[in-house]
>>> print(open('target00.txt').read())   # compact mmCIF, C-alpha atoms and all ligand atoms
# COMPACT_ATOMS: atom_id res chain seq x y z
CA VAL A 1 6.42 -8.47 -11.84
CA ASN A 2 5.40 -4.88 -11.36
CA PHE A 3 5.19 -3.73 -7.73
CA SER A 4 4.55 -0.04 -7.27
CA VAL A 5 2.50 2.53 -5.41
CA GLN A 6 0.87 5.63 -6.82
CA ILE A 7 -0.07 8.49 -4.53
CA LEU A 8 -3.56 9.95 -5.02
CA GLY A 9 -3.54 12.15 -1.93
CA SER A 10 -1.16 12.78 0.93
CA ASN A 11 -2.59 15.54 3.08
CA SER A 12 -4.06 15.24 6.55
CA ALA A 13 -7.21 16.75 8.05
CA SER A 14 -8.25 19.26 5.36
CA PHE A 15 -7.48 20.05 1.72
CA ALA A 16 -4.76 22.64 1.38
CA TYR A 17 -2.39 24.08 -1.19
CA GLY A 18 -3.56 21.68 -3.88
CA ARG A 19 -2.99 18.66 -1.63
CA HIS A 20 -5.73 16.10 -1.09
CA HIS A 21 -6.78 13.58 1.52
CA THR A 22 -4.93 10.31 1.96
CA SER A 23 -5.29 7.61 -0.67
CA GLN A 24 -2.92 5.48 -2.67
CA VAL A 25 -3.03 2.63 -5.16
CA VAL A 26 -0.70 -0.32 -4.73
CA ASN A 27 -0.13 -2.23 -7.96
CA HIS A 28 1.17 -5.77 -7.69
CA ASN A 29 1.34 -7.72 -10.92
CA ASP A 30 -1.45 -5.52 -12.33
CA ASN A 31 -3.75 -6.21 -9.39
CA LEU A 32 -4.73 -2.86 -7.90
CA TYR A 33 -5.25 -2.38 -4.16
CA LEU A 34 -6.71 0.90 -2.93
CA VAL A 35 -5.27 1.96 0.41
CA ASP A 36 -7.38 4.54 2.24
CA CYS A 37 -10.00 6.54 0.42
CA GLY A 38 -10.17 10.15 1.57
CA GLU A 39 -12.75 12.51 0.16
CA GLY A 40 -12.23 13.11 -3.55
CA THR A 41 -10.41 9.85 -4.19
CA GLN A 42 -12.62 8.92 -7.17
CA ILE A 43 -11.92 12.29 -8.75
CA ARG A 44 -8.19 11.79 -8.22
CA MET A 45 -8.48 8.34 -9.80
CA ALA A 46 -10.13 9.87 -12.85
CA LYS A 47 -7.38 12.48 -13.07
CA PHE A 48 -4.66 9.84 -13.02
CA LYS A 49 -6.62 7.50 -15.33
CA ILE A 50 -7.04 4.67 -12.85
CA ARG A 51 -10.15 2.68 -13.72
CA HIS A 52 -12.08 1.84 -10.58
CA SER A 53 -13.38 -1.33 -12.20
CA ARG A 54 -9.84 -2.66 -11.73
CA ILE A 55 -9.99 -2.18 -7.96
CA ASN A 56 -11.20 -5.33 -6.21
CA HIS A 57 -9.69 -4.79 -2.77
CA ILE A 58 -9.88 -1.67 -0.61
CA PHE A 59 -8.02 -1.30 2.70
CA ILE A 60 -9.14 1.40 5.14
CA SER A 61 -6.75 2.20 8.01
CA HIS A 62 -9.17 3.97 10.36
CA LEU A 63 -12.35 5.98 10.58
CA HIS A 64 -10.98 9.50 10.61
CA GLY A 65 -12.61 11.32 7.71
CA ASP A 66 -9.41 12.11 5.84
CA HIS A 67 -8.96 8.36 5.27
CA TYR A 68 -12.40 7.12 4.29
CA LEU A 69 -14.95 9.84 3.46
CA GLY A 70 -14.44 9.18 -0.26
CA LEU A 71 -15.51 5.56 0.05
CA MET A 72 -19.30 5.97 -0.21
CA GLY A 73 -18.93 8.11 -3.34
CA LEU A 74 -16.62 5.60 -4.95
CA LEU A 75 -18.90 2.66 -4.12
CA SER A 76 -21.84 4.58 -5.55
CA THR A 77 -20.02 5.42 -8.77
CA MET A 78 -18.99 1.79 -9.18
CA HIS A 79 -22.69 0.91 -8.99
CA LEU A 80 -23.81 3.62 -11.41
CA GLN A 81 -21.19 2.57 -13.93
CA GLY A 82 -22.47 -0.99 -13.95
CA ARG A 83 -19.99 -2.85 -11.82
CA LYS A 84 -21.01 -6.48 -11.45
CA HIS A 85 -17.99 -8.13 -9.88
CA ASP A 86 -17.45 -8.48 -6.14
CA LEU A 87 -15.55 -5.96 -4.08
CA HIS A 88 -13.64 -6.71 -0.88
CA VAL A 89 -13.41 -3.97 1.73
CA PHE A 90 -11.07 -4.39 4.70
CA GLY A 91 -11.43 -1.88 7.51
CA PRO A 92 -12.46 -1.10 11.09
CA SER A 93 -15.46 -2.98 12.38
CA GLY A 94 -17.79 0.07 12.26
CA LEU A 95 -17.24 0.65 8.56
CA GLU A 96 -19.82 -1.87 7.41
CA ASP A 97 -22.46 -0.19 9.62
CA ILE A 98 -21.70 3.22 8.13
CA ILE A 99 -22.00 2.00 4.55
CA THR A 100 -25.06 -0.17 5.22
CA LEU A 101 -26.89 2.71 6.91
CA GLN A 102 -26.22 5.08 4.03
CA LEU A 103 -27.48 2.53 1.52
CA LYS A 104 -30.53 1.75 3.62
CA LEU A 105 -31.58 5.39 4.11
CA SER A 106 -31.28 6.12 0.41
CA ASP A 107 -33.14 2.91 -0.43
CA SER A 108 -30.22 1.81 -2.59
CA VAL A 109 -29.22 -1.68 -3.57
CA LEU A 110 -25.86 -2.05 -5.26
CA ASN A 111 -25.49 -4.06 -8.47
CA TYR A 112 -22.51 -5.82 -7.01
CA GLN A 113 -21.62 -7.61 -3.83
CA ILE A 114 -19.42 -6.03 -1.17
CA HIS A 115 -17.61 -8.39 1.17
CA PHE A 116 -16.71 -6.55 4.36
CA HIS A 117 -13.73 -7.88 6.25
CA ALA A 118 -13.80 -6.23 9.67
CA ILE A 119 -10.48 -5.58 11.34
CA MET A 120 -10.93 -5.57 15.10
CA PRO A 121 -9.15 -2.90 17.17
CA GLU A 122 -6.41 -5.15 18.53
CA GLN A 123 -6.30 -7.50 15.56
CA GLU A 124 -3.00 -8.15 13.84
CA GLY A 125 -1.90 -10.67 11.24
CA VAL A 126 -2.52 -11.62 7.62
CA ILE A 127 -5.93 -10.37 6.45
CA PHE A 128 -5.59 -11.05 2.72
CA GLU A 129 -3.58 -13.36 0.53
CA ASP A 130 -3.43 -14.63 -2.99
CA PRO A 131 -0.81 -16.91 -4.55
CA GLN A 132 1.67 -14.05 -4.95
CA LEU A 133 1.01 -11.51 -2.23
CA GLU A 134 -0.13 -11.23 1.36
CA VAL A 135 -1.32 -8.24 3.36
CA GLU A 136 -0.69 -8.12 7.08
CA ALA A 137 -2.51 -5.69 9.39
CA ILE A 138 -0.55 -4.09 12.22
CA CYS A 139 -1.82 -1.83 15.02
CA MET A 140 -0.84 1.83 14.89
CA GLU A 141 -0.84 4.12 17.94
CA HIS A 142 -3.53 6.66 17.20
CA ARG A 143 -6.51 8.31 18.90
CA VAL A 144 -8.91 5.74 17.43
CA PRO A 145 -8.19 2.14 16.41
CA CYS A 146 -5.95 2.38 13.37
CA HIS A 147 -4.07 -0.17 11.30
CA GLY A 148 -1.10 -0.12 9.02
CA PHE A 149 -0.70 -2.65 6.22
CA ILE A 150 2.32 -4.63 5.14
CA PHE A 151 2.20 -5.78 1.50
CA ARG A 152 4.60 -8.68 1.28
CA GLU A 153 5.41 -10.83 -1.73
CA LYS A 154 5.26 -14.56 -1.15
CA PRO A 155 8.27 -16.76 -1.88
CA LYS A 156 8.60 -16.92 -5.62
CA LYS A 157 9.21 -19.96 -7.77
CA ARG A 158 12.34 -20.04 -9.90
CA ARG A 159 11.81 -18.89 -13.48
CA LEU A 160 11.99 -21.60 -16.12
CA MET A 161 14.29 -21.03 -19.11
CA ARG A 162 12.35 -23.03 -21.74
CA ASN A 163 15.13 -22.92 -24.30
CA LYS A 164 17.46 -24.78 -21.90
CA ILE A 165 15.17 -27.80 -21.71
CA GLU A 166 15.56 -30.57 -24.25
CA GLY A 167 13.04 -33.29 -25.04
CA GLU A 168 9.79 -34.09 -23.30
CA VAL A 169 9.50 -33.08 -19.65
CA SER A 170 6.22 -33.56 -17.80
CA GLY A 171 4.36 -30.73 -16.08
CA GLU A 172 4.98 -32.37 -12.74
CA LEU A 173 8.75 -32.33 -13.27
CA ILE A 174 8.63 -28.71 -14.47
CA PHE A 175 6.87 -27.85 -11.23
CA MET A 176 9.65 -29.54 -9.24
CA LEU A 177 12.35 -27.77 -11.24
CA LYS A 178 10.73 -24.42 -10.47
CA GLN A 179 10.85 -25.37 -6.78
CA GLY A 180 14.60 -25.77 -7.12
CA GLN A 181 14.65 -29.58 -7.17
CA ASP A 182 16.71 -31.64 -9.59
CA VAL A 183 14.67 -34.29 -11.45
CA VAL A 184 15.07 -37.50 -13.43
CA THR A 185 13.01 -37.73 -16.62
CA GLN A 186 11.13 -40.86 -17.75
CA ASP A 187 13.89 -41.65 -20.23
CA GLY A 188 16.46 -41.49 -17.43
CA ARG A 189 18.03 -38.06 -17.95
CA ILE A 190 19.00 -35.94 -14.93
CA ILE A 191 18.02 -32.28 -15.18
CA GLU A 192 19.53 -29.90 -12.67
CA SER A 193 17.20 -27.12 -11.62
CA SER A 194 20.02 -24.58 -11.43
CA LEU A 195 20.84 -25.13 -15.12
CA VAL A 196 17.32 -24.65 -16.49
CA THR A 197 15.82 -22.11 -14.11
CA GLU A 198 16.92 -18.70 -12.91
CA ASP A 199 16.66 -16.81 -9.68
CA PRO A 200 13.22 -15.23 -9.32
CA GLY A 201 14.50 -12.14 -7.51
CA ALA A 202 13.98 -11.11 -3.92
CA GLN A 203 10.64 -11.01 -2.11
CA ARG A 204 9.69 -7.36 -1.87
CA THR A 205 7.83 -5.60 0.92
CA TYR A 206 5.88 -2.37 1.10
CA VAL A 207 4.87 -1.04 4.51
CA TYR A 208 2.05 1.49 4.84
CA CYS A 209 2.06 3.18 8.24
CA ALA A 210 -1.13 5.16 8.61
CA ASP A 211 -1.72 7.75 11.32
CA THR A 212 0.42 7.01 14.35
CA ARG A 213 2.66 8.54 16.91
CA TYR A 214 6.24 7.38 17.01
CA THR A 215 6.51 3.74 18.04
CA GLU A 216 9.13 1.05 17.63
CA THR A 217 6.64 -1.76 18.25
CA HIS A 218 6.91 -3.13 14.72
CA LEU A 219 10.56 -2.39 14.07
CA SER A 220 11.45 -6.03 13.46
CA LYS A 221 8.66 -6.37 10.88
CA PHE A 222 9.86 -3.30 9.01
CA LYS A 223 13.44 -4.57 8.86
CA GLU A 224 14.83 -4.08 5.40
CA ALA A 225 11.46 -3.31 3.84
CA ASP A 226 11.90 -2.09 0.29
CA LEU A 227 9.71 0.91 0.91
CA LEU A 228 8.26 2.29 4.12
CA TYR A 229 5.49 4.85 3.85
CA HIS A 230 5.19 6.69 7.15
CA GLU A 231 3.05 9.58 8.14
CA ALA A 232 4.86 12.84 8.91
CA THR A 233 2.12 15.24 9.86
CA PHE A 234 4.40 17.80 11.48
CA LEU A 235 7.94 19.14 11.52
CA SER A 236 10.00 18.79 14.69
CA ASP A 237 9.11 22.24 15.98
CA MET A 238 5.63 20.79 16.53
CA ALA A 239 6.86 17.60 18.19
CA GLU A 240 4.80 18.23 21.29
CA ARG A 241 1.64 18.70 19.26
CA ALA A 242 2.48 15.54 17.31
CA GLY A 243 2.63 13.56 20.56
CA GLU A 244 -0.63 15.02 21.87
CA THR A 245 -2.51 14.29 18.66
CA TYR A 246 -0.96 10.84 18.10
CA HIS A 247 0.88 11.88 14.98
CA SER A 248 4.55 11.83 13.94
CA THR A 249 7.11 14.34 12.76
CA ALA A 250 9.32 14.00 9.69
CA ALA A 251 12.23 13.30 12.06
CA ASP A 252 10.21 10.54 13.78
CA ALA A 253 9.48 8.83 10.46
CA ALA A 254 13.10 9.05 9.37
CA THR A 255 14.43 7.84 12.72
CA LEU A 256 12.21 4.79 12.47
CA ALA A 257 13.32 4.17 8.88
CA SER A 258 16.94 4.39 9.97
CA LYS A 259 16.49 2.01 12.92
CA ALA A 260 14.60 -0.49 10.75
CA GLN A 261 17.21 -0.19 8.02
CA VAL A 262 14.54 0.03 5.35
CA LYS A 263 15.75 0.61 1.83
CA ASN A 264 13.65 3.68 1.11
CA LEU A 265 11.30 5.95 3.04
CA MET A 266 8.33 7.91 1.74
CA ILE A 267 6.67 10.47 4.00
CA GLY A 268 3.16 11.86 3.70
CA HIS A 269 0.00 12.94 5.56
CA PHE A 270 1.21 16.53 5.75
CA SER A 271 -0.59 19.02 7.97
CA SER A 272 -2.45 21.80 6.19
CA ARG A 273 -0.53 24.32 8.29
CA TYR A 274 2.44 23.89 5.96
CA LYS A 275 2.33 25.64 2.64
CA THR A 276 5.37 23.92 1.16
CA LEU A 277 7.01 20.58 1.79
CA GLU A 278 10.75 21.22 1.32
CA LEU A 279 11.36 21.39 5.05
CA PHE A 280 9.81 17.94 5.52
CA LEU A 281 12.28 16.49 3.08
CA ALA A 282 15.22 18.34 4.60
CA GLU A 283 14.32 17.31 8.15
CA ALA A 284 13.80 13.66 7.26
CA ARG A 285 16.97 13.42 5.19
CA GLN A 286 19.05 14.54 8.17
CA HIS A 287 18.15 11.21 9.76
CA PHE A 288 17.55 9.07 6.67
CA PRO A 289 18.92 10.29 3.33
CA LYS A 290 16.89 7.95 1.14
CA THR A 291 13.63 9.76 1.78
CA VAL A 292 11.13 10.98 -0.77
CA LEU A 293 7.91 12.96 -0.40
CA ALA A 294 4.59 11.29 -1.18
CA LEU A 295 3.80 13.72 -3.96
CA GLU A 296 0.38 13.29 -5.51
CA GLY A 297 0.26 11.65 -8.88
CA GLU A 298 3.71 10.13 -8.62
CA THR A 299 4.39 6.41 -8.84
CA PHE A 300 7.15 4.77 -6.84
CA GLN A 301 8.63 1.40 -7.73
CA ILE A 302 8.94 -0.96 -4.78
CA GLY A 303 12.29 -2.72 -4.79
CA SER A 304 14.12 -0.15 -6.83
CA ALA A 305 17.66 0.29 -5.54
CA SER A 306 17.92 3.98 -6.05
CA PRO A 307 16.58 6.60 -3.65
CA ALA A 308 15.16 8.40 -6.67
CA LEU A 309 12.18 6.10 -6.77
CA VAL A 310 10.12 8.17 -9.09
CA VAL A 311 9.40 6.48 -12.38
CA GLU A 312 6.57 8.65 -13.49
CA HIS A 313 6.24 12.30 -12.80
CA VAL A 314 2.92 14.00 -13.20
CA SER A 315 3.63 17.67 -13.00
CA GLN A 316 2.10 19.25 -9.99
CA ASP A 317 2.58 22.46 -8.16
CA VAL A 318 3.27 21.89 -4.50
CA SER A 319 5.04 25.15 -3.97
CA HIS A 320 2.20 27.66 -4.10
ZN ZN B 401 -5.31 11.29 8.99
ZN ZN B 402 -6.29 9.84 11.99
>>> encode(input="target00.txt", output="structure tokens", more="lines below")
Ligand SMILES: [Zn+2]
Ligand SMILES: [Zn+2]
Amino acid sequence: VNFSVQILGSNSASFAYGRHHTSQVVNHNDNLYLVDCGEGTQIRMAKFKIRHSRINHIFISHLHGDHYLGLMGLLSTMHLQGRKHDLHVFGPSGLEDIITLQLKLSDSVLNYQIHFHAIMPEQEGVIFEDPQLEVEAICMEHRVPCHGFIFREKPKKRRLMRNKIEGEVSGELIFMLKQGQDVVTQDGRIIESSLVTEDPGAQRTYVYCADTRYTETHLSKFKEADLLYHEATFLSDMAERAGETYHSTAADAATLASKAQVKNLMIGHFSSRYKTLELFLAEARQHFPKTVLALEGETFQIGSASPALVVEHVSQDVSH
């Protein structure tokens, strides 16, 4: 099952040096989840050939503009292009008011239904689940209510090896075999689950930490995550400013990754004061070697063993 994240934008506050506002697409088993939707997100989606008709769930971390100002444009385009199927939007409680007011004042009625799922300021816990995946909201420490999201695979069933099964076996018994139970068939044969099914692989976890100052509150939840995305707005020379503005440094992100023993770290949400990003990587890797930059356009596999997570490289100039 594919589990990956593609970066659409990874800059904070304002556009700079070809870097765009925060947005990313999590792909789990070909279900696409949009996480944050900074201004220009729909244009970035077009550039990277992501069809917005495939997005059915949008998660907004907080109501700072660099994380949601692209939402109204995207919703409008979905309407204009004939979307009919429902859309689920998870975000801070004021978000529904903002969208509803804009629609009302432009006398617009969308062709499709939006289901708003308000996340209250102190709310934590699972906010979405389907048979394969759940999304848990966690509180960040930021100037306004802000949530991070943990995308966690549910326990998987064992995979059936059809060619190892002889004779008639009912659907009910197949179900039990996939659960790891041995069964007895109607004609009295014993089938051992371990002989006809194989290990489904580990449950994988992706953690998205939106804007936050350094905090170890959720350390136990991040333990051994396959991939932790953490904001790194500043370098350490601006640590004081990071604290004042409720943001983190590259060293903060990497220290947290190290303490949580995550498998890989990706840093993003870079301040526009920095022209290039090499120093972010260097600073983070001093504390946590398996760090990569959230470079726009790139897709990272979740659960890949290697620190070189990149599976797709869309050429982009981050050095000008
Ligand atoms: Zn931000
Ligand atoms: Zn913010």
>>> residues_around(input="target00.txt", residues="range 89-106 of chain A", least_positions_apart="4", cutoff="10 Å", atoms="only C-alpha atoms", output="ChimeraX atom specification")
/A:34-36,56-63,68,71-72,75-76,110,114-121,123,127-128,137,144-147
>>> residues_near_ligand(input="target00.txt", ligand="ligand ZN 402 (chain B)", cutoff="12 Å", atoms="only C-alpha atoms and all ligand atoms", output="PyMOL selection string")
chain A and resi 11-14+21-22+36+38+60-68+140-148+209-213+231-233+242+245-248+269-271
>>> residues_around(input="target00.txt", residues="range 251-267 of chain A", least_positions_apart="5", cutoff="10 Å", atoms="all atoms listed in the file", output="ChimeraX atom specification")
/A:10,205-209,213-216,218-236,239,242,280-295,300,302-309
>>> closest_residue(input="target00.txt", among="A:Asn27, A:Gln186, A:Gln203, A:Gln132", to="Arg54 in chain A", atoms="all atoms listed in the file")
A:Asn27
>>> closest_residue(input="target00.txt", among="A:Asp86, A:Asp187, A:Glu172, A:Glu298", to="Asn111 in chain A", atoms="only C-alpha atoms")
A:Asp86
>>> residues_around(input="target00.txt", residues="Val5 in chain A", least_positions_apart="6", cutoff="7 Å", atoms="only C-alpha atoms", output="ChimeraX atom specification")
/A:24-27,299-301
>>> residues_around(input="target00.txt", residues="Arg189 in chain A", least_positions_apart="5", cutoff="12 Å", atoms="all atoms listed in the file", output="PyMOL selection string")
chain A and resi 165-169+173+182-184
>>> residues_near_point(input="target00.txt", point="(8.7, -10.3, -0.4)", cutoff="7 Å", atoms="only C-alpha atoms", output="list in words")
Arg152, Glu153, Lys154, Pro155, Ala202, Gln203, Arg204 and Thr205 of chain A
>>> residues_around(input="target00.txt", residues="Arg51 in chain A", least_positions_apart="4", cutoff="10 Å", atoms="all atoms listed in the file", output="list in words")
Leu32, Gln42, Met45, Ala46, Ile55 and Met78 of chain A
>>> write_last_selection(input="target00.txt", atoms="C-alpha atoms", output="mmCIF file, in the coordinates of the input")
data_model
loop_
_atom_site.group_PDB
_atom_site.id
_atom_site.type_symbol
_atom_site.label_atom_id
_atom_site.label_comp_id
_atom_site.auth_asym_id
_atom_site.auth_seq_id
_atom_site.Cartn_x
_atom_site.Cartn_y
_atom_site.Cartn_z
ATOM 1 C CA LEU A 32 -4.730 -2.860 -7.900
ATOM 2 C CA GLN A 42 -12.620 8.920 -7.170
ATOM 3 C CA MET A 45 -8.480 8.340 -9.800
ATOM 4 C CA ALA A 46 -10.130 9.870 -12.850
ATOM 5 C CA ILE A 55 -9.990 -2.180 -7.960
ATOM 6 C CA MET A 78 -18.990 1.790 -9.180
#
>>> atom_distance(input="target00.txt", atom1="CA of Gly201 in chain A", atom2="CA of Phe151 in chain A")
16.5 Å
>>> closest_residue(input="target00.txt", among="A:Pro131, A:Gly268, A:Thr185, A:Gly18", to="ligand ZN 401 (chain B)", atoms="only C-alpha atoms and all ligand atoms")
A:Gly268
